[in-house]
Every structure is written in C-alpha cells, then in structure tokens.
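Visitor: Sharing a structure with you now.
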Amino acid sequence: MCAAPLFEKAPGRIECSMACGFVNYDNPTPVAAVVVEYQGSIVLAHNRAWKGDFYGLITGFVDHGEGPAECAVREVKEELDLDAEPPSLIGVYPFEQLNQVIIGYHVRAAGDITLNEELDRYQLVSPDECVAWSTGTGFALRDWLRSKGIEPEMMKLP
Ligand SMILES: [Zn+2]
C-alpha cells in the first residue's frame, strides 16, 4: 500500500514494515469443482496445460458477484458445452498447495460434449471404476462416490 517492504511479524502473518497497517492475509481463493454425471458416467477432463496424463474434475474460479453453485453450472457450460441441472453440494475442502478452497458439487448434465480451449481430452468413467486422488478435488470425487456406496481406489499424485 505504501511501498514499504513487508515482513513476517509472526509465523504466517505478513505485514507492512512501516506504519500503514497493511496485512497480507493471502486468503485462499474459492474454486468450484464439479463431478459431472453424463449418460451414467463421470466426465473427467485433461487440461491442455497439464503435462501428465491426469484427468480431473471440471473446475473454475468463482467470479465476482457469482455464487459457487452458479459458477459450477457456468463452468460445465463453458468447458463442456453441457447443460447442468441444479448442483448439489458435496463438500468443501482445503487445497493448500494452490491456496484454494475447493467447493465440490455434483451435477447431472445433458447435451453434446464440446471441449473449450482449456481442455484437450476427456474420459467418461463409470462411477464404480472411478479412481480418486488425495487433494481437494479428489476428495470431492471420493465423497460423492461414497454417497453412492462406492469406496474408490485413491491414486498417488506425483
Ligand atoms: Zn505500508
């Protein structure tokens, strides 16, 4: 704010070293992550920017003035060109590595899948064959599968 250097006043608390009182809270960013159910399968997508062969949920940053459930519906339309039914909340999960809070939703969606420029491929996976992973979005998938009586295998992420 005043251009003075920041310093760590206490563990994890970054403040202005002068008198302006600025505190860099570095709050996590809310992200909607969507378990998309389409024709009885789950849509898992690969982001063009990912180097590995990992397929994940549909995700997006909650816009200014937007609710997270609205964001879930918007992202499903933008990224897959599918029309989602009203979302149901699965759970809310920390994702410390990216300083995000993951808000997990399930939707049923219909239409014809067309990927937008963020995604380069997708898979349709039967719920009982889904493998989840131990970060925020993977916990959302795991917990939705558990709600269906399925205990998924958890893959290790690099
Ligand atoms: Zn300052």
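Ligands are numbered from 1 in the order shown, residues from 1 within each chain, and chains are lettered A, B, ... in the order they appear in the structure tokens.
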Taking only C-alpha atoms and all ligand atoms into account, which residues are within 7 Å of ligand 1, as a tab-separated table (two decimals) with N, CA and C atoms, in the first residue's frame?

Guide:
```
chain	number	residue	atom	x	y	z
A	1	MET	N	0.83	-1.21	0.00
A	1	MET	CA	0.00	0.00	0.00
A	1	MET	C	0.86	1.26	0.00
A	2	CYS	N	1.89	1.27	0.86
A	2	CYS	CA	2.72	2.47	0.98
A	2	CYS	C	4.08	2.25	0.35
A	3	ALA	N	4.30	1.07	-0.23
A	3	ALA	CA	5.54	0.71	-0.92
A	3	ALA	C	6.69	0.35	0.04
A	4	ALA	N	6.44	0.32	1.33
A	4	ALA	CA	7.47	-0.15	2.27
A	4	ALA	C	7.55	-1.67	2.18
A	16	CYS	N	3.10	-4.92	6.64
A	16	CYS	CA	3.93	-3.79	6.25
A	16	CYS	C	4.92	-3.48	7.37
A	17	SER	N	6.17	-3.17	6.97
A	17	SER	CA	7.19	-2.87	7.97
A	17	SER	C	7.10	-1.42	8.46
A	18	MET	N	6.29	-0.60	7.81
A	18	MET	CA	6.12	0.77	8.24
A	18	MET	C	4.77	0.92	8.93
A	19	ALA	N	4.19	2.09	8.89
A	19	ALA	CA	3.03	2.36	9.73
A	19	ALA	C	1.68	2.23	9.03
A	20	CYS	N	1.63	1.83	7.74
A	20	CYS	CA	0.33	1.91	7.05
A	20	CYS	C	-0.65	0.84	7.51
A	21	GLY	N	-0.15	-0.21	8.16
A	21	GLY	CA	-1.07	-1.21	8.73
A	21	GLY	C	-1.47	-2.32	7.79
A	22	PHE	N	-0.93	-2.34	6.56
A	22	PHE	CA	-1.32	-3.38	5.61
A	22	PHE	C	-0.93	-4.76	6.12
```

Visitor: Can you write out as a Markdown table which residues of range 8-65 of chain A fall within 7 Å of range 101-123 of chain A, alongside each residue's closest atom pair and its distance in Å to one decimal, counting only C-alpha atoms and ordering rows by chain and ascending residue number?

Guide:
```
| residue | atom | partner | partner_atom | distance |
| --- | --- | --- | --- | --- |
| A:Pro28 | CA | A:Val101 | CA | 6.0 |
| A:Thr29 | CA | A:Val101 | CA | 6.0 |
| A:Pro30 | CA | A:Val101 | CA | 4.8 |
| A:Val31 | CA | A:Ile102 | CA | 5.0 |
| A:Ala32 | CA | A:Ile103 | CA | 4.8 |
| A:Ala33 | CA | A:Gly104 | CA | 4.8 |
| A:Val34 | CA | A:Tyr105 | CA | 4.8 |
| A:Val35 | CA | A:His106 | CA | 4.6 |
| A:Val36 | CA | A:Val107 | CA | 5.2 |
| A:Glu37 | CA | A:Arg108 | CA | 4.7 |
| A:Tyr38 | CA | A:Ala109 | CA | 5.4 |
| A:Val43 | CA | A:Gln123 | CA | 5.9 |
| A:Leu44 | CA | A:Gln123 | CA | 5.3 |
| A:Ala45 | CA | A:Tyr122 | CA | 4.1 |
| A:His46 | CA | A:Arg121 | CA | 5.4 |
| A:Asn47 | CA | A:Leu119 | CA | 4.4 |
| A:Arg48 | CA | A:Leu119 | CA | 5.0 |
```

Visitor: What parts of range 31-157 of chain A does DSSP call strand (DSSP E)? I'd like the answer as a VMD selection string.

Guide: chain A and resid 31 to 38 41 to 47 58 to 61 83 to 84 88 to 95 100 to 110 119 to 125 131 to 133 153 to 155

Visitor: Can those selected residues be exported to a file as a compact mmCIF listing (two decimals), in the first residue's frame so that it contains N, CA and C atoms?

Guide:
```txt
# COMPACT_ATOMS: atom_id res chain seq x y z
N VAL A 31 -12.81 -22.01 -5.35
CA VAL A 31 -12.86 -22.67 -6.65
C VAL A 31 -13.99 -23.70 -6.62
N ALA A 32 -14.88 -23.66 -7.60
CA ALA A 32 -15.90 -24.70 -7.72
C ALA A 32 -15.32 -25.88 -8.49
N ALA A 33 -15.55 -27.08 -7.99
CA ALA A 33 -15.10 -28.31 -8.67
C ALA A 33 -16.32 -29.20 -8.84
N VAL A 34 -16.51 -29.69 -10.06
CA VAL A 34 -17.79 -30.32 -10.39
C VAL A 34 -17.61 -31.77 -10.82
N VAL A 35 -18.31 -32.66 -10.11
CA VAL A 35 -18.45 -34.05 -10.54
C VAL A 35 -19.62 -34.06 -11.51
N VAL A 36 -19.32 -34.17 -12.82
CA VAL A 36 -20.34 -34.08 -13.85
C VAL A 36 -20.77 -35.50 -14.21
N GLU A 37 -22.06 -35.77 -13.98
CA GLU A 37 -22.63 -37.08 -14.33
C GLU A 37 -23.33 -36.92 -15.68
N TYR A 38 -22.90 -37.70 -16.64
CA TYR A 38 -23.37 -37.55 -18.03
C TYR A 38 -23.61 -38.93 -18.60
N SER A 41 -22.17 -41.84 -16.68
CA SER A 41 -20.74 -41.85 -16.40
C SER A 41 -20.31 -40.51 -15.81
N ILE A 42 -19.08 -40.47 -15.28
CA ILE A 42 -18.49 -39.24 -14.78
C ILE A 42 -17.53 -38.70 -15.84
N VAL A 43 -17.64 -37.40 -16.10
CA VAL A 43 -16.75 -36.76 -17.08
C VAL A 43 -15.47 -36.33 -16.35
N LEU A 44 -14.34 -36.89 -16.76
CA LEU A 44 -13.04 -36.46 -16.23
C LEU A 44 -12.26 -35.87 -17.40
N ALA A 45 -11.66 -34.71 -17.17
CA ALA A 45 -11.07 -33.97 -18.29
C ALA A 45 -9.60 -33.67 -18.04
N HIS A 46 -8.87 -33.59 -19.15
CA HIS A 46 -7.45 -33.25 -19.10
C HIS A 46 -7.27 -31.82 -19.57
N ASN A 47 -6.65 -31.02 -18.71
CA ASN A 47 -6.37 -29.62 -19.05
C ASN A 47 -5.17 -29.56 -19.99
N ILE A 58 -14.17 -30.86 -13.52
CA ILE A 58 -14.35 -29.55 -14.14
C ILE A 58 -14.26 -28.51 -13.01
N THR A 59 -13.39 -27.53 -13.17
CA THR A 59 -13.17 -26.56 -12.09
C THR A 59 -13.15 -25.14 -12.65
N GLY A 60 -13.37 -24.20 -11.76
CA GLY A 60 -13.24 -22.80 -12.17
C GLY A 60 -13.31 -21.87 -10.98
N PHE A 61 -12.72 -20.70 -11.15
CA PHE A 61 -12.75 -19.68 -10.10
C PHE A 61 -14.13 -19.05 -10.05
N ASP A 83 -25.50 -28.70 -20.50
CA ASP A 83 -26.46 -28.00 -19.66
C ASP A 83 -26.64 -28.80 -18.37
N ALA A 84 -26.32 -28.16 -17.24
CA ALA A 84 -26.35 -28.84 -15.95
C ALA A 84 -27.68 -28.61 -15.25
N SER A 88 -25.78 -30.08 -6.57
CA SER A 88 -25.87 -30.41 -5.16
C SER A 88 -24.47 -30.37 -4.56
N LEU A 89 -24.39 -29.77 -3.37
CA LEU A 89 -23.09 -29.61 -2.71
C LEU A 89 -22.60 -30.96 -2.19
N ILE A 90 -21.35 -31.28 -2.50
CA ILE A 90 -20.73 -32.49 -1.94
C ILE A 90 -20.01 -32.15 -0.66
N GLY A 91 -19.18 -31.12 -0.69
CA GLY A 91 -18.41 -30.72 0.48
C GLY A 91 -17.44 -29.62 0.12
N VAL A 92 -16.73 -29.12 1.14
CA VAL A 92 -15.79 -28.02 0.98
C VAL A 92 -14.45 -28.49 1.52
N TYR A 93 -13.39 -28.27 0.76
CA TYR A 93 -12.09 -28.90 1.05
C TYR A 93 -10.96 -27.90 0.91
N PRO A 94 -10.00 -27.93 1.82
CA PRO A 94 -8.82 -27.08 1.63
C PRO A 94 -7.94 -27.65 0.53
N PHE A 95 -7.26 -26.79 -0.19
CA PHE A 95 -6.28 -27.20 -1.19
C PHE A 95 -5.09 -26.26 -1.00
N GLN A 100 -6.21 -22.58 -2.31
CA GLN A 100 -7.61 -22.54 -2.73
C GLN A 100 -8.49 -23.24 -1.70
N VAL A 101 -9.76 -22.88 -1.72
CA VAL A 101 -10.80 -23.66 -1.04
C VAL A 101 -11.66 -24.26 -2.13
N ILE A 102 -11.74 -25.59 -2.15
CA ILE A 102 -12.48 -26.30 -3.19
C ILE A 102 -13.92 -26.51 -2.71
N ILE A 103 -14.86 -26.04 -3.50
CA ILE A 103 -16.28 -26.22 -3.20
C ILE A 103 -16.79 -27.25 -4.19
N GLY A 104 -17.02 -28.47 -3.69
CA GLY A 104 -17.33 -29.60 -4.57
C GLY A 104 -18.82 -29.75 -4.81
N TYR A 105 -19.21 -29.85 -6.08
CA TYR A 105 -20.60 -30.06 -6.45
C TYR A 105 -20.73 -31.28 -7.35
N HIS A 106 -21.94 -31.85 -7.31
CA HIS A 106 -22.32 -32.86 -8.29
C HIS A 106 -23.43 -32.27 -9.14
N VAL A 107 -23.35 -32.47 -10.46
CA VAL A 107 -24.47 -32.13 -11.34
C VAL A 107 -24.72 -33.28 -12.30
N ARG A 108 -25.97 -33.39 -12.71
CA ARG A 108 -26.29 -34.19 -13.90
C ARG A 108 -26.32 -33.21 -15.06
N ALA A 109 -25.79 -33.63 -16.18
CA ALA A 109 -25.71 -32.71 -17.31
C ALA A 109 -26.08 -33.43 -18.59
N ALA A 110 -26.60 -32.65 -19.53
CA ALA A 110 -27.06 -33.21 -20.81
C ALA A 110 -26.61 -32.32 -21.96
N LEU A 119 -9.35 -27.39 -22.36
CA LEU A 119 -9.27 -28.85 -22.24
C LEU A 119 -8.90 -29.46 -23.58
N ASP A 120 -8.12 -30.54 -23.56
CA ASP A 120 -7.80 -31.17 -24.84
C ASP A 120 -8.32 -32.60 -24.97
N ARG A 121 -8.77 -33.20 -23.87
CA ARG A 121 -9.39 -34.52 -23.99
C ARG A 121 -10.16 -34.84 -22.71
N TYR A 122 -11.03 -35.84 -22.81
CA TYR A 122 -11.81 -36.22 -21.64
C TYR A 122 -12.06 -37.72 -21.68
N GLN A 123 -12.51 -38.23 -20.54
CA GLN A 123 -12.90 -39.63 -20.43
C GLN A 123 -14.28 -39.69 -19.79
N LEU A 124 -15.07 -40.67 -20.18
CA LEU A 124 -16.32 -40.97 -19.48
C LEU A 124 -16.05 -42.25 -18.68
N VAL A 125 -16.15 -42.14 -17.36
CA VAL A 125 -15.79 -43.26 -16.50
C VAL A 125 -17.00 -43.65 -15.66
N VAL A 131 -11.27 -43.67 -10.13
CA VAL A 131 -10.18 -43.62 -9.17
C VAL A 131 -10.07 -42.17 -8.71
N ALA A 132 -10.00 -41.94 -7.42
CA ALA A 132 -9.90 -40.57 -6.89
C ALA A 132 -8.46 -40.28 -6.50
N TRP A 133 -8.21 -39.11 -5.94
CA TRP A 133 -6.85 -38.69 -5.61
C TRP A 133 -6.90 -37.81 -4.36
N GLU A 153 -10.70 -46.46 -5.20
CA GLU A 153 -9.25 -46.52 -5.06
C GLU A 153 -8.72 -45.08 -5.13
N MET A 154 -7.69 -44.78 -4.34
CA MET A 154 -7.09 -43.44 -4.36
C MET A 154 -5.73 -43.54 -5.06
N MET A 155 -5.56 -42.80 -6.14
CA MET A 155 -4.25 -42.83 -6.82
C MET A 155 -3.29 -41.86 -6.13
```

Visitor: For Tyr25 in chain A, which of A:Gly12, A:Pro152, A:Pro86, A:Pro127 is the closest residue, counting only C-alpha atoms?

Guide: A:Gly12

Visitor: Select from range 40-96 of chain A everything DSSP, run on the backbone, classes as alpha helix (DSSP H), then give the selection as a PyMOL selection string.

Guide: chain A and resi 68-80

Visitor: Export, as a short mmCIF file (atom, residue, chain, number, x, y, z; two decimals), in the first residue's frame, the selected residues with N, CA and C atoms.

Guide:
```cif
data_model
loop_
_atom_site.label_atom_id
_atom_site.label_comp_id
_atom_site.auth_asym_id
_atom_site.auth_seq_id
_atom_site.Cartn_x
_atom_site.Cartn_y
_atom_site.Cartn_z
N PRO A 68 -21.11 -19.86 -5.77
CA PRO A 68 -20.34 -21.03 -6.21
C PRO A 68 -21.16 -22.05 -7.00
N ALA A 69 -22.45 -22.20 -6.67
CA ALA A 69 -23.28 -23.14 -7.44
C ALA A 69 -23.51 -22.62 -8.87
N GLU A 70 -23.71 -21.31 -8.99
CA GLU A 70 -23.82 -20.71 -10.32
C GLU A 70 -22.54 -20.93 -11.11
N CYS A 71 -21.43 -20.78 -10.42
CA CYS A 71 -20.13 -20.99 -11.06
C CYS A 71 -20.01 -22.41 -11.59
N ALA A 72 -20.49 -23.38 -10.81
CA ALA A 72 -20.42 -24.78 -11.24
C ALA A 72 -21.19 -24.98 -12.55
N VAL A 73 -22.39 -24.42 -12.62
CA VAL A 73 -23.20 -24.56 -13.83
C VAL A 73 -22.53 -23.85 -15.01
N ARG A 74 -22.00 -22.66 -14.75
CA ARG A 74 -21.34 -21.89 -15.82
C ARG A 74 -20.12 -22.64 -16.36
N GLU A 75 -19.31 -23.20 -15.46
CA GLU A 75 -18.10 -23.89 -15.91
C GLU A 75 -18.42 -25.14 -16.73
N VAL A 76 -19.48 -25.84 -16.34
CA VAL A 76 -19.87 -27.04 -17.10
C VAL A 76 -20.29 -26.62 -18.51
N LYS A 77 -20.98 -25.48 -18.63
CA LYS A 77 -21.38 -24.99 -19.95
C LYS A 77 -20.14 -24.53 -20.74
N GLU A 78 -19.28 -23.76 -20.08
CA GLU A 78 -18.13 -23.19 -20.80
C GLU A 78 -17.14 -24.27 -21.24
N GLU A 79 -16.86 -25.21 -20.34
CA GLU A 79 -15.77 -26.16 -20.62
C GLU A 79 -16.24 -27.38 -21.41
N LEU A 80 -17.51 -27.79 -21.22
CA LEU A 80 -18.01 -29.00 -21.88
C LEU A 80 -19.16 -28.72 -22.85
#
```

Visitor: I'd like the neighbourhood of Ile14 in chain A as a list in words, where a residue qualifies if any of its atoms comes within 6 Å (using only C-alpha atoms), though same-chain residues fewer than 2 positions away should be ignored.

Guide: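 Final neighbour list, sorted by chain and number: Phe7, Glu8, Val23 and Asn24 of chain A.
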